[in-house]
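Report on the following structure.
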Amino acid sequence: MTAVSVSSVLHSPNARLGVAVMLLGIFLFALNDTLGKWLVATYPVGQVLLVRSIAALLVLWPFLWRMGWRPLFSLERPGMQVLRVGLSSLEVYAFYFAVIYLPLADVMTYWLAAPIYVAAMSPFLLGEHVGWRRWTAIVIGFAGVIIALEPSSATMTAPALISVLGTFCFAFMMLSGRALRATPDKVLVFWQSVGAGILGLVTAPFGWVQPSGFDLALLGGLGVVAMMAHVCVNRAMKLADAAVVAPFQYTLLFWAVVFGFIVFGDVPRPAMLAGAAIIIAAGLFIFFRERSKHSTS
């Protein structure tokens, strides 16, 4: 979709609303991640995951009640469902572990590379065709990750490597979502929350910190804000074409830089900004190339 056609689409009230809702959803994700980084400085990751998951399930409960319980257990491809839950649990654990030690913008940059990994793995795992243009963008995107990592003995730390592994888990989770298109979103979110909650339950006793009432509310707020963010992004995709709203997901990095500086005093590294720019450019090219290929097929 060209800039001219995007501009014409934005004259539609639904499209403008879709963009606004997407921007709100991404802001909520950034707020959720900032709050998570603040909390894991005091509470172990397992404890944060446990309380966050319980809160998310409580918010999700009325929607599940209205939908009925049968879809939760009548699952397509059960093995793939279990794999997805496991990967999503490891991914969120890796994220919260990484932000304990790294600036929020750095971790966000690594996570924004996930669509590039998806494009690279899709021919081998889903049998999708990827032409030379997208392979070129994939290679450039990988170069952006390396630039952002700024490999050296000082920067190639365990948290940085765990961040990269976490993004691969996220990419595999996205691929599994493509393979589970018939599963309702609420079912996927439910089992993701259950999986993260179980991982939190297993690991939370190691270093449990008794939270104050206010901090308990903040821990629960993680789940609520994340659910609201998912609702906004899903609604945006229904209000407007994905080609219009999806690129706005990269505003996540802007908020990561802003919140990181205001809340934690993090100053972005030049290498991180340069790598992030390359990753975003490669990701946008891959996205629009895939859209054009699907529209002509």
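Quick note on naming: the chains in the structure tokens go A, B, ... in the order shown, residues restart at 1 in each chain, and ligands are numbered from 1 in order of appearance.
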
Run DSSP on the backbone and tell me which residues of segment 188-291 of chain A come out as alpha helix (DSSP H); list them as an mmCIF file with N, CA and C atoms, in the first residue's frame.
```cif
data_model
loop_
_atom_site.group_PDB
_atom_site.id
_atom_site.type_symbol
_atom_site.label_atom_id
_atom_site.label_comp_id
_atom_site.auth_asym_id
_atom_site.auth_seq_id
_atom_site.Cartn_x
_atom_site.Cartn_y
_atom_site.Cartn_z
ATOM 1 N N LEU A 188 -6.547 -18.410 23.155
ATOM 2 C CA LEU A 188 -5.090 -18.297 23.138
ATOM 3 C C LEU A 188 -4.583 -17.490 24.332
ATOM 4 N N VAL A 189 -5.255 -16.375 24.618
ATOM 5 C CA VAL A 189 -4.838 -15.524 25.736
ATOM 6 C C VAL A 189 -5.030 -16.246 27.064
ATOM 7 N N PHE A 190 -6.120 -17.012 27.183
ATOM 8 C CA PHE A 190 -6.384 -17.748 28.417
ATOM 9 C C PHE A 190 -5.241 -18.719 28.717
ATOM 10 N N TRP A 191 -4.876 -19.534 27.726
ATOM 11 C CA TRP A 191 -3.839 -20.534 27.974
ATOM 12 C C TRP A 191 -2.468 -19.897 28.133
ATOM 13 N N GLN A 192 -2.224 -18.767 27.456
ATOM 14 C CA GLN A 192 -0.982 -18.034 27.696
ATOM 15 C C GLN A 192 -0.904 -17.581 29.149
ATOM 16 N N SER A 193 -2.000 -17.049 29.654
ATOM 17 C CA SER A 193 -2.036 -16.568 31.040
ATOM 18 C C SER A 193 -1.871 -17.722 32.019
ATOM 19 N N VAL A 194 -2.505 -18.853 31.713
ATOM 20 C CA VAL A 194 -2.371 -20.029 32.576
ATOM 21 C C VAL A 194 -0.921 -20.507 32.585
ATOM 22 N N GLY A 195 -0.298 -20.580 31.410
ATOM 23 C CA GLY A 195 1.082 -21.037 31.324
ATOM 24 C C GLY A 195 2.032 -20.136 32.092
ATOM 25 N N ALA A 196 1.883 -18.810 31.919
ATOM 26 C CA ALA A 196 2.731 -17.870 32.647
ATOM 27 C C ALA A 196 2.486 -17.970 34.144
ATOM 28 N N GLY A 197 1.215 -18.194 34.522
ATOM 29 C CA GLY A 197 0.885 -18.331 35.936
ATOM 30 C C GLY A 197 1.523 -19.566 36.554
ATOM 31 N N ILE A 198 1.525 -20.673 35.807
ATOM 32 C CA ILE A 198 2.149 -21.903 36.313
ATOM 33 C C ILE A 198 3.653 -21.707 36.470
ATOM 34 N N LEU A 199 4.289 -21.081 35.480
ATOM 35 C CA LEU A 199 5.725 -20.813 35.579
ATOM 36 C C LEU A 199 6.005 -19.893 36.765
ATOM 37 N N GLY A 200 5.143 -18.911 36.969
ATOM 38 C CA GLY A 200 5.298 -18.031 38.118
ATOM 39 C C GLY A 200 5.111 -18.769 39.434
ATOM 40 N N LEU A 201 4.131 -19.668 39.480
ATOM 41 C CA LEU A 201 3.861 -20.425 40.696
ATOM 42 C C LEU A 201 5.042 -21.308 41.074
ATOM 43 N N VAL A 202 5.693 -21.888 40.059
ATOM 44 C CA VAL A 202 6.832 -22.767 40.308
ATOM 45 C C VAL A 202 8.047 -21.980 40.795
ATOM 46 N N THR A 203 8.255 -20.795 40.231
ATOM 47 C CA THR A 203 9.473 -20.030 40.531
ATOM 48 C C THR A 203 9.287 -18.960 41.596
ATOM 49 N N GLY A 213 0.163 -3.347 50.163
ATOM 50 C CA GLY A 213 -1.124 -3.294 49.464
ATOM 51 C C GLY A 213 -1.029 -2.531 48.156
ATOM 52 N N PHE A 214 -0.266 -1.436 48.163
ATOM 53 C CA PHE A 214 -0.124 -0.630 46.951
ATOM 54 C C PHE A 214 0.622 -1.396 45.863
ATOM 55 N N ASP A 215 1.712 -2.066 46.247
ATOM 56 C CA ASP A 215 2.475 -2.827 45.265
ATOM 57 C C ASP A 215 1.686 -4.020 44.740
ATOM 58 N N LEU A 216 0.858 -4.610 45.605
ATOM 59 C CA LEU A 216 0.013 -5.715 45.147
ATOM 60 C C LEU A 216 -0.952 -5.229 44.069
ATOM 61 N N ALA A 217 -1.479 -4.015 44.266
ATOM 62 C CA ALA A 217 -2.354 -3.431 43.250
ATOM 63 C C ALA A 217 -1.596 -3.178 41.953
ATOM 64 N N LEU A 218 -0.347 -2.725 42.061
ATOM 65 C CA LEU A 218 0.467 -2.503 40.864
ATOM 66 C C LEU A 218 0.768 -3.819 40.153
ATOM 67 N N LEU A 219 1.070 -4.865 40.926
ATOM 68 C CA LEU A 219 1.333 -6.178 40.334
ATOM 69 C C LEU A 219 0.104 -6.687 39.586
ATOM 70 N N GLY A 220 -1.056 -6.522 40.207
ATOM 71 C CA GLY A 220 -2.294 -6.907 39.532
ATOM 72 C C GLY A 220 -2.574 -6.031 38.326
ATOM 73 N N GLY A 221 -2.179 -4.757 38.436
ATOM 74 C CA GLY A 221 -2.387 -3.832 37.322
ATOM 75 C C GLY A 221 -1.658 -4.235 36.062
ATOM 76 N N LEU A 222 -0.544 -4.960 36.217
ATOM 77 C CA LEU A 222 0.179 -5.449 35.041
ATOM 78 C C LEU A 222 -0.726 -6.292 34.151
ATOM 79 N N GLY A 223 -1.455 -7.208 34.793
ATOM 80 C CA GLY A 223 -2.344 -8.069 34.027
ATOM 81 C C GLY A 223 -3.483 -7.310 33.394
ATOM 82 N N VAL A 224 -4.042 -6.354 34.122
ATOM 83 C CA VAL A 224 -5.178 -5.575 33.620
ATOM 84 C C VAL A 224 -4.752 -4.710 32.442
ATOM 85 N N VAL A 225 -3.631 -4.001 32.591
ATOM 86 C CA VAL A 225 -3.156 -3.120 31.515
ATOM 87 C C VAL A 225 -2.795 -3.931 30.276
ATOM 88 N N ALA A 226 -2.158 -5.086 30.463
ATOM 89 C CA ALA A 226 -1.801 -5.931 29.321
ATOM 90 C C ALA A 226 -3.051 -6.409 28.584
ATOM 91 N N MET A 227 -4.091 -6.781 29.330
ATOM 92 C CA MET A 227 -5.326 -7.224 28.695
ATOM 93 C C MET A 227 -5.956 -6.081 27.908
ATOM 94 N N MET A 228 -5.969 -4.876 28.492
ATOM 95 C CA MET A 228 -6.525 -3.716 27.793
ATOM 96 C C MET A 228 -5.739 -3.420 26.516
ATOM 97 N N ALA A 229 -4.413 -3.580 26.583
ATOM 98 C CA ALA A 229 -3.580 -3.343 25.405
ATOM 99 C C ALA A 229 -3.911 -4.339 24.295
ATOM 100 N N HIS A 230 -4.061 -5.627 24.670
ATOM 101 C CA HIS A 230 -4.416 -6.643 23.676
ATOM 102 C C HIS A 230 -5.769 -6.336 23.046
ATOM 103 N N VAL A 231 -6.731 -5.910 23.852
ATOM 104 C CA VAL A 231 -8.059 -5.577 23.344
ATOM 105 C C VAL A 231 -7.973 -4.429 22.341
ATOM 106 N N CYS A 232 -7.189 -3.403 22.666
ATOM 107 C CA CYS A 232 -7.050 -2.248 21.775
ATOM 108 C C CYS A 232 -6.427 -2.644 20.444
ATOM 109 N N VAL A 233 -5.362 -3.432 20.485
ATOM 110 C CA VAL A 233 -4.683 -3.828 19.250
ATOM 111 C C VAL A 233 -5.599 -4.707 18.389
ATOM 112 N N ASN A 234 -6.295 -5.648 19.019
ATOM 113 C CA ASN A 234 -7.221 -6.501 18.264
ATOM 114 C C ASN A 234 -8.346 -5.680 17.647
ATOM 115 N N ARG A 235 -8.874 -4.701 18.405
ATOM 116 C CA ARG A 235 -9.945 -3.851 17.903
ATOM 117 C C ARG A 235 -9.457 -2.989 16.750
ATOM 118 N N ALA A 236 -8.226 -2.480 16.849
ATOM 119 C CA ALA A 236 -7.664 -1.650 15.783
ATOM 120 C C ALA A 236 -7.569 -2.432 14.484
ATOM 121 N N MET A 237 -7.178 -3.713 14.589
ATOM 122 C CA MET A 237 -7.050 -4.546 13.401
ATOM 123 C C MET A 237 -8.407 -4.800 12.741
ATOM 124 N N LYS A 238 -9.487 -4.716 13.525
ATOM 125 C CA LYS A 238 -10.824 -4.913 12.972
ATOM 126 C C LYS A 238 -11.396 -3.617 12.400
ATOM 127 N N LEU A 239 -10.954 -2.477 12.941
ATOM 128 C CA LEU A 239 -11.464 -1.190 12.469
ATOM 129 C C LEU A 239 -10.813 -0.748 11.172
ATOM 130 N N ALA A 242 -4.791 -3.791 8.136
ATOM 131 C CA ALA A 242 -3.532 -3.993 8.854
ATOM 132 C C ALA A 242 -2.405 -3.138 8.288
ATOM 133 N N ALA A 243 -2.415 -2.896 6.983
ATOM 134 C CA ALA A 243 -1.368 -2.082 6.365
ATOM 135 C C ALA A 243 -1.380 -0.656 6.886
ATOM 136 N N VAL A 244 -2.531 -0.204 7.378
ATOM 137 C CA VAL A 244 -2.638 1.151 7.918
ATOM 138 C C VAL A 244 -2.198 1.203 9.376
ATOM 139 N N VAL A 245 -2.657 0.244 10.183
ATOM 140 C CA VAL A 245 -2.434 0.349 11.634
ATOM 141 C C VAL A 245 -1.190 -0.382 12.130
ATOM 142 N N THR A 251 5.859 2.598 17.344
ATOM 143 C CA THR A 251 5.873 3.699 18.313
ATOM 144 C C THR A 251 6.221 3.186 19.707
ATOM 145 N N LEU A 252 6.205 1.855 19.868
ATOM 146 C CA LEU A 252 6.602 1.255 21.140
ATOM 147 C C LEU A 252 8.015 1.680 21.528
ATOM 148 N N LEU A 253 8.890 1.784 20.539
ATOM 149 C CA LEU A 253 10.274 2.169 20.835
ATOM 150 C C LEU A 253 10.352 3.611 21.308
ATOM 151 N N PHE A 254 9.533 4.490 20.718
ATOM 152 C CA PHE A 254 9.502 5.888 21.170
ATOM 153 C C PHE A 254 9.141 5.967 22.648
ATOM 154 N N TRP A 255 8.076 5.245 23.025
ATOM 155 C CA TRP A 255 7.659 5.278 24.427
ATOM 156 C C TRP A 255 8.694 4.624 25.334
ATOM 157 N N ALA A 256 9.365 3.596 24.836
ATOM 158 C CA ALA A 256 10.407 2.951 25.639
ATOM 159 C C ALA A 256 11.536 3.923 25.941
ATOM 160 N N VAL A 257 11.922 4.720 24.939
ATOM 161 C CA VAL A 257 12.971 5.721 25.154
ATOM 162 C C VAL A 257 12.492 6.792 26.132
ATOM 163 N N VAL A 258 11.261 7.266 25.939
ATOM 164 C CA VAL A 258 10.721 8.324 26.804
ATOM 165 C C VAL A 258 10.582 7.841 28.244
ATOM 166 N N PHE A 259 9.908 6.709 28.438
ATOM 167 C CA PHE A 259 9.714 6.198 29.795
ATOM 168 C C PHE A 259 11.041 5.779 30.428
ATOM 169 N N GLY A 260 11.916 5.200 29.607
ATOM 170 C CA GLY A 260 13.213 4.795 30.134
ATOM 171 C C GLY A 260 13.995 5.981 30.663
ATOM 172 N N PHE A 261 13.935 7.104 29.955
ATOM 173 C CA PHE A 261 14.665 8.308 30.385
ATOM 174 C C PHE A 261 13.999 8.951 31.603
ATOM 175 N N ILE A 262 12.672 9.095 31.555
ATOM 176 C CA ILE A 262 11.957 9.793 32.637
ATOM 177 C C ILE A 262 11.958 8.983 33.931
ATOM 178 N N VAL A 263 11.673 7.686 33.829
ATOM 179 C CA VAL A 263 11.485 6.862 35.031
ATOM 180 C C VAL A 263 12.807 6.303 35.548
ATOM 181 N N PHE A 264 13.686 5.883 34.616
ATOM 182 C CA PHE A 264 14.901 5.183 35.045
ATOM 183 C C PHE A 264 16.194 5.936 34.735
ATOM 184 N N PRO A 270 23.938 5.299 21.090
ATOM 185 C CA PRO A 270 23.878 5.546 19.634
ATOM 186 C C PRO A 270 23.759 4.262 18.827
ATOM 187 N N ALA A 271 24.485 3.205 19.238
ATOM 188 C CA ALA A 271 24.417 1.925 18.512
ATOM 189 C C ALA A 271 23.016 1.330 18.593
ATOM 190 N N MET A 272 22.361 1.468 19.744
ATOM 191 C CA MET A 272 21.004 0.953 19.887
ATOM 192 C C MET A 272 20.057 1.696 18.954
ATOM 193 N N LEU A 273 20.164 3.022 18.893
ATOM 194 C CA LEU A 273 19.286 3.808 18.027
ATOM 195 C C LEU A 273 19.517 3.476 16.556
ATOM 196 N N ALA A 274 20.807 3.327 16.171
ATOM 197 C CA ALA A 274 21.113 2.981 14.785
ATOM 198 C C ALA A 274 20.575 1.596 14.442
ATOM 199 N N GLY A 275 20.793 0.624 15.335
ATOM 200 C CA GLY A 275 20.277 -0.719 15.108
ATOM 201 C C GLY A 275 18.758 -0.742 15.053
ATOM 202 N N ALA A 276 18.119 0.029 15.944
ATOM 203 C CA ALA A 276 16.659 0.080 15.968
ATOM 204 C C ALA A 276 16.111 0.640 14.665
ATOM 205 N N ALA A 277 16.755 1.675 14.121
ATOM 206 C CA ALA A 277 16.304 2.260 12.862
ATOM 207 C C ALA A 277 16.385 1.234 11.730
ATOM 208 N N ILE A 278 17.464 0.457 11.699
ATOM 209 C CA ILE A 278 17.627 -0.571 10.662
ATOM 210 C C ILE A 278 16.589 -1.672 10.838
ATOM 211 N N ILE A 279 16.366 -2.105 12.083
ATOM 212 C CA ILE A 279 15.382 -3.151 12.359
ATOM 213 C C ILE A 279 13.979 -2.710 11.935
ATOM 214 N N ILE A 280 13.620 -1.480 12.278
ATOM 215 C CA ILE A 280 12.288 -0.975 11.936
ATOM 216 C C ILE A 280 12.129 -0.861 10.426
ATOM 217 N N ALA A 281 13.154 -0.344 9.740
ATOM 218 C CA ALA A 281 13.075 -0.219 8.282
ATOM 219 C C ALA A 281 12.928 -1.592 7.631
ATOM 220 N N ALA A 282 13.721 -2.573 8.087
ATOM 221 C CA ALA A 282 13.632 -3.927 7.526
ATOM 222 C C ALA A 282 12.268 -4.550 7.833
ATOM 223 N N GLY A 283 11.791 -4.356 9.067
ATOM 224 C CA GLY A 283 10.494 -4.911 9.443
ATOM 225 C C GLY A 283 9.361 -4.335 8.625
ATOM 226 N N LEU A 284 9.395 -3.019 8.377
ATOM 227 C CA LEU A 284 8.345 -2.386 7.577
ATOM 228 C C LEU A 284 8.397 -2.875 6.128
ATOM 229 N N PHE A 285 9.602 -3.023 5.587
ATOM 230 C CA PHE A 285 9.719 -3.523 4.212
ATOM 231 C C PHE A 285 9.135 -4.924 4.111
ATOM 232 N N ILE A 286 9.494 -5.793 5.051
ATOM 233 C CA ILE A 286 8.990 -7.172 5.031
ATOM 234 C C ILE A 286 7.472 -7.177 5.126
ATOM 235 N N PHE A 287 6.939 -6.344 6.031
ATOM 236 C CA PHE A 287 5.486 -6.302 6.215
ATOM 237 C C PHE A 287 4.778 -5.887 4.927
ATOM 238 N N PHE A 288 5.216 -4.771 4.337
ATOM 239 C CA PHE A 288 4.523 -4.279 3.147
ATOM 240 C C PHE A 288 4.774 -5.179 1.936
ATOM 241 N N ARG A 289 5.929 -5.821 1.876
ATOM 242 C CA ARG A 289 6.185 -6.762 0.800
ATOM 243 C C ARG A 289 5.260 -7.968 0.905
ATOM 244 N N GLU A 290 5.066 -8.469 2.135
ATOM 245 C CA GLU A 290 4.152 -9.602 2.331
ATOM 246 C C GLU A 290 2.729 -9.206 1.965
ATOM 247 N N ARG A 291 2.345 -7.984 2.334
ATOM 248 C CA ARG A 291 0.998 -7.516 2.004
ATOM 249 C C ARG A 291 0.796 -7.444 0.485
#
```

Env of Thr167 of chain A: 12 Å cut, atoms = only C-alpha atoms, seq-sep filter 4 positions within chain, self excluded. Answer as a PDB file with N, CA and C atoms, in the first residue's frame.
```pdb
ATOM      1  N   LEU A  87       6.333 -21.579  24.944  1.00  0.00           N
ATOM      2  CA  LEU A  87       7.161 -20.511  24.383  1.00  0.00           C
ATOM      3  C   LEU A  87       6.730 -19.145  24.910  1.00  0.00           C
ATOM      4  N   SER A  88       5.415 -18.920  25.007  1.00  0.00           N
ATOM      5  CA  SER A  88       4.943 -17.624  25.499  1.00  0.00           C
ATOM      6  C   SER A  88       5.341 -17.414  26.955  1.00  0.00           C
ATOM      7  N   LEU A  90       8.056 -18.733  28.478  1.00  0.00           N
ATOM      8  CA  LEU A  90       9.498 -18.458  28.486  1.00  0.00           C
ATOM      9  C   LEU A  90       9.784 -17.045  27.979  1.00  0.00           C
ATOM     10  N   GLU A  91       9.019 -16.617  26.977  1.00  0.00           N
ATOM     11  CA  GLU A  91       9.236 -15.290  26.390  1.00  0.00           C
ATOM     12  C   GLU A  91       8.983 -14.183  27.404  1.00  0.00           C
ATOM     13  N   VAL A  92       7.866 -14.264  28.124  1.00  0.00           N
ATOM     14  CA  VAL A  92       7.549 -13.203  29.074  1.00  0.00           C
ATOM     15  C   VAL A  92       8.494 -13.247  30.269  1.00  0.00           C
ATOM     16  N   TYR A  93       8.920 -14.445  30.665  1.00  0.00           N
ATOM     17  CA  TYR A  93       9.897 -14.560  31.754  1.00  0.00           C
ATOM     18  C   TYR A  93      11.225 -13.932  31.324  1.00  0.00           C
ATOM     19  N   ALA A  94      11.650 -14.215  30.088  1.00  0.00           N
ATOM     20  CA  ALA A  94      12.906 -13.660  29.582  1.00  0.00           C
ATOM     21  C   ALA A  94      12.838 -12.139  29.522  1.00  0.00           C
ATOM     22  N   PHE A  95      11.685 -11.611  29.119  1.00  0.00           N
ATOM     23  CA  PHE A  95      11.546 -10.153  29.032  1.00  0.00           C
ATOM     24  C   PHE A  95      11.729  -9.502  30.395  1.00  0.00           C
ATOM     25  N   ALA A  98      15.263  -9.697  31.592  1.00  0.00           N
ATOM     26  CA  ALA A  98      16.173  -8.808  30.868  1.00  0.00           C
ATOM     27  C   ALA A  98      16.062  -7.366  31.338  1.00  0.00           C
ATOM     28  N   VAL A 107      15.886  -3.512  25.405  1.00  0.00           N
ATOM     29  CA  VAL A 107      15.107  -4.750  25.370  1.00  0.00           C
ATOM     30  C   VAL A 107      13.994  -4.655  24.326  1.00  0.00           C
ATOM     31  N   MET A 108      13.336  -3.493  24.244  1.00  0.00           N
ATOM     32  CA  MET A 108      12.283  -3.302  23.244  1.00  0.00           C
ATOM     33  C   MET A 108      12.838  -3.450  21.830  1.00  0.00           C
ATOM     34  N   THR A 109      14.052  -2.940  21.608  1.00  0.00           N
ATOM     35  CA  THR A 109      14.665  -3.040  20.290  1.00  0.00           C
ATOM     36  C   THR A 109      14.855  -4.489  19.885  1.00  0.00           C
ATOM     37  N   TYR A 110      15.338  -5.316  20.814  1.00  0.00           N
ATOM     38  CA  TYR A 110      15.516  -6.739  20.502  1.00  0.00           C
ATOM     39  C   TYR A 110      14.173  -7.389  20.191  1.00  0.00           C
ATOM     40  N   TRP A 111      13.146  -7.014  20.929  1.00  0.00           N
ATOM     41  CA  TRP A 111      11.825  -7.623  20.717  1.00  0.00           C
ATOM     42  C   TRP A 111      11.202  -7.177  19.397  1.00  0.00           C
ATOM     43  N   LEU A 112      11.498  -5.947  18.961  1.00  0.00           N
ATOM     44  CA  LEU A 112      10.938  -5.469  17.699  1.00  0.00           C
ATOM     45  C   LEU A 112      11.505  -6.214  16.500  1.00  0.00           C
ATOM     46  N   ALA A 113      12.584  -6.967  16.713  1.00  0.00           N
ATOM     47  CA  ALA A 113      13.160  -7.760  15.624  1.00  0.00           C
ATOM     48  C   ALA A 113      12.405  -9.060  15.393  1.00  0.00           C
ATOM     49  N   ALA A 114      11.434  -9.391  16.244  1.00  0.00           N
ATOM     50  CA  ALA A 114      10.731 -10.672  16.123  1.00  0.00           C
ATOM     51  C   ALA A 114      10.095 -10.888  14.753  1.00  0.00           C
ATOM     52  N   PRO A 115       9.435  -9.872  14.132  1.00  0.00           N
ATOM     53  CA  PRO A 115       8.860 -10.118  12.795  1.00  0.00           C
ATOM     54  C   PRO A 115       9.909 -10.509  11.753  1.00  0.00           C
ATOM     55  N   ILE A 116      11.143 -10.041  11.928  1.00  0.00           N
ATOM     56  CA  ILE A 116      12.221 -10.422  11.009  1.00  0.00           C
ATOM     57  C   ILE A 116      12.539 -11.904  11.180  1.00  0.00           C
ATOM     58  N   TYR A 117      12.593 -12.367  12.431  1.00  0.00           N
ATOM     59  CA  TYR A 117      12.834 -13.787  12.683  1.00  0.00           C
ATOM     60  C   TYR A 117      11.689 -14.635  12.135  1.00  0.00           C
ATOM     61  N   VAL A 118      10.469 -14.120  12.258  1.00  0.00           N
ATOM     62  CA  VAL A 118       9.310 -14.849  11.730  1.00  0.00           C
ATOM     63  C   VAL A 118       9.444 -15.031  10.226  1.00  0.00           C
ATOM     64  N   VAL A 145      20.180  -5.975  14.371  1.00  0.00           N
ATOM     65  CA  VAL A 145      20.243  -6.588  15.707  1.00  0.00           C
ATOM     66  C   VAL A 145      21.685  -6.616  16.209  1.00  0.00           C
ATOM     67  N   ALA A 160      21.583  -9.685  27.855  1.00  0.00           N
ATOM     68  CA  ALA A 160      21.464  -9.378  26.430  1.00  0.00           C
ATOM     69  C   ALA A 160      21.190 -10.643  25.629  1.00  0.00           C
ATOM     70  N   LEU A 161      21.904 -11.719  25.931  1.00  0.00           N
ATOM     71  CA  LEU A 161      21.696 -12.979  25.227  1.00  0.00           C
ATOM     72  C   LEU A 161      20.319 -13.562  25.531  1.00  0.00           C
ATOM     73  N   ILE A 162      19.880 -13.421  26.784  1.00  0.00           N
ATOM     74  CA  ILE A 162      18.544 -13.897  27.149  1.00  0.00           C
ATOM     75  C   ILE A 162      17.481 -13.087  26.407  1.00  0.00           C
ATOM     76  N   SER A 163      17.741 -11.792  26.197  1.00  0.00           N
ATOM     77  CA  SER A 163      16.818 -10.966  25.417  1.00  0.00           C
ATOM     78  C   SER A 163      16.659 -11.521  24.009  1.00  0.00           C
ATOM     79  N   ALA A 171       9.054 -14.969  18.443  1.00  0.00           N
ATOM     80  CA  ALA A 171       8.868 -15.216  17.015  1.00  0.00           C
ATOM     81  C   ALA A 171       8.227 -16.580  16.773  1.00  0.00           C
ATOM     82  N   PHE A 172       8.699 -17.617  17.473  1.00  0.00           N
ATOM     83  CA  PHE A 172       8.091 -18.936  17.352  1.00  0.00           C
ATOM     84  C   PHE A 172       6.624 -18.901  17.796  1.00  0.00           C
ATOM     85  N   MET A 173       6.349 -18.107  18.831  1.00  0.00           N
ATOM     86  CA  MET A 173       4.972 -17.976  19.296  1.00  0.00           C
ATOM     87  C   MET A 173       4.100 -17.338  18.217  1.00  0.00           C
ATOM     88  N   MET A 174       4.638 -16.322  17.517  1.00  0.00           N
ATOM     89  CA  MET A 174       3.900 -15.692  16.425  1.00  0.00           C
ATOM     90  C   MET A 174       3.660 -16.679  15.289  1.00  0.00           C
TER      91      MET A 174
END
```

Within 12 Å of Arg70 of chain A, counting only C-alpha atoms, which residues show up once you throw out same-chain ones fewer than 6 positions away? Write them as number ranges by chain, please. A: 64, 184, 187

Okay, now the selection with N, CA, C and O atoms, as a PDB file, in the first residue's frame?
```pdb
ATOM      1  N   LEU A  64     -14.911 -15.248  29.045  1.00  0.00           N
ATOM      2  CA  LEU A  64     -14.910 -16.702  28.902  1.00  0.00           C
ATOM      3  C   LEU A  64     -16.260 -17.281  29.313  1.00  0.00           C
ATOM      4  O   LEU A  64     -16.746 -18.237  28.693  1.00  0.00           O
ATOM      5  N   PRO A 184      -9.936 -19.212  18.775  1.00  0.00           N
ATOM      6  CA  PRO A 184     -10.317 -17.849  19.159  1.00  0.00           C
ATOM      7  C   PRO A 184      -9.225 -17.153  19.986  1.00  0.00           C
ATOM      8  O   PRO A 184      -8.500 -17.797  20.748  1.00  0.00           O
ATOM      9  N   VAL A 187      -9.214 -17.756  23.719  1.00  0.00           N
ATOM     10  CA  VAL A 187      -8.686 -19.068  24.118  1.00  0.00           C
ATOM     11  C   VAL A 187      -7.157 -19.024  24.168  1.00  0.00           C
ATOM     12  O   VAL A 187      -6.534 -19.516  25.117  1.00  0.00           O
TER      13      VAL A 187
END
```

Taking only C-alpha atoms into account, produce a table as JSON lines in which each residue of segment 84-114 of chain A with an atom at most 10 Å from an atom of segment 20-43 of chain A appears once, together with its shortest atom pair and the distance in Å to one decimal, ordered by chain and rising number.
```
{"residue": "A:Phe95", "atom": "CA", "partner": "A:Asp33", "partner_atom": "CA", "distance": 9.0}
{"residue": "A:Tyr96", "atom": "CA", "partner": "A:Lys37", "partner_atom": "CA", "distance": 6.7}
{"residue": "A:Phe97", "atom": "CA", "partner": "A:Val40", "partner_atom": "CA", "distance": 7.8}
{"residue": "A:Ala98", "atom": "CA", "partner": "A:Lys37", "partner_atom": "CA", "distance": 9.0}
{"residue": "A:Val99", "atom": "CA", "partner": "A:Lys37", "partner_atom": "CA", "distance": 5.6}
{"residue": "A:Ile100", "atom": "CA", "partner": "A:Ala41", "partner_atom": "CA", "distance": 6.1}
{"residue": "A:Tyr101", "atom": "CA", "partner": "A:Ala41", "partner_atom": "CA", "distance": 9.1}
{"residue": "A:Leu102", "atom": "CA", "partner": "A:Lys37", "partner_atom": "CA", "distance": 9.6}
{"residue": "A:Pro103", "atom": "CA", "partner": "A:Lys37", "partner_atom": "CA", "distance": 9.2}
{"residue": "A:Leu104", "atom": "CA", "partner": "A:Thr34", "partner_atom": "CA", "distance": 7.4}
{"residue": "A:Met108", "atom": "CA", "partner": "A:Ala30", "partner_atom": "CA", "distance": 9.2}
```

Just the residues within 12 Å of Ser176 of chain A, please, counting only C-alpha atoms, with nothing from its chain fewer than 4 positions along; format it as a VMD selection string. chain A and resid 76 to 88 118 121 to 122 125 to 126 169 to 172 180 to 183 188

So what do you get for atom CA of Leu60 of chain A versus atom CA of Gln249 of chain A, distance-wise?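 Atom CA of Leu60 of chain A sits 23.5 Å away from atom CA of Gln249 of chain A.
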
Kindly indicate which residue among A:Ala158, A:Phe206, A:Ser89, A:Ala240 lies nearest to Ala15 of chain A, using only C-alpha atoms for the distances.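 Smallest separation from Ala15 of chain A among the options: A:Ala240.
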
Have a look at atom CA of Arg134 of chain A and atom CA of Ala120 of chain A and let me know their distance in Å, one decimal.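 About the pair atom CA of Arg134 of chain A and atom CA of Ala120 of chain A: they are 8.7 Å apart.
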
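Among the candidate residues A:Ala105, A:Leu75, A:Ile147, A:Ala119, the one lying nearest to Leu175 of chain A is A:Ala119, with distances computed using only C-alpha atoms.
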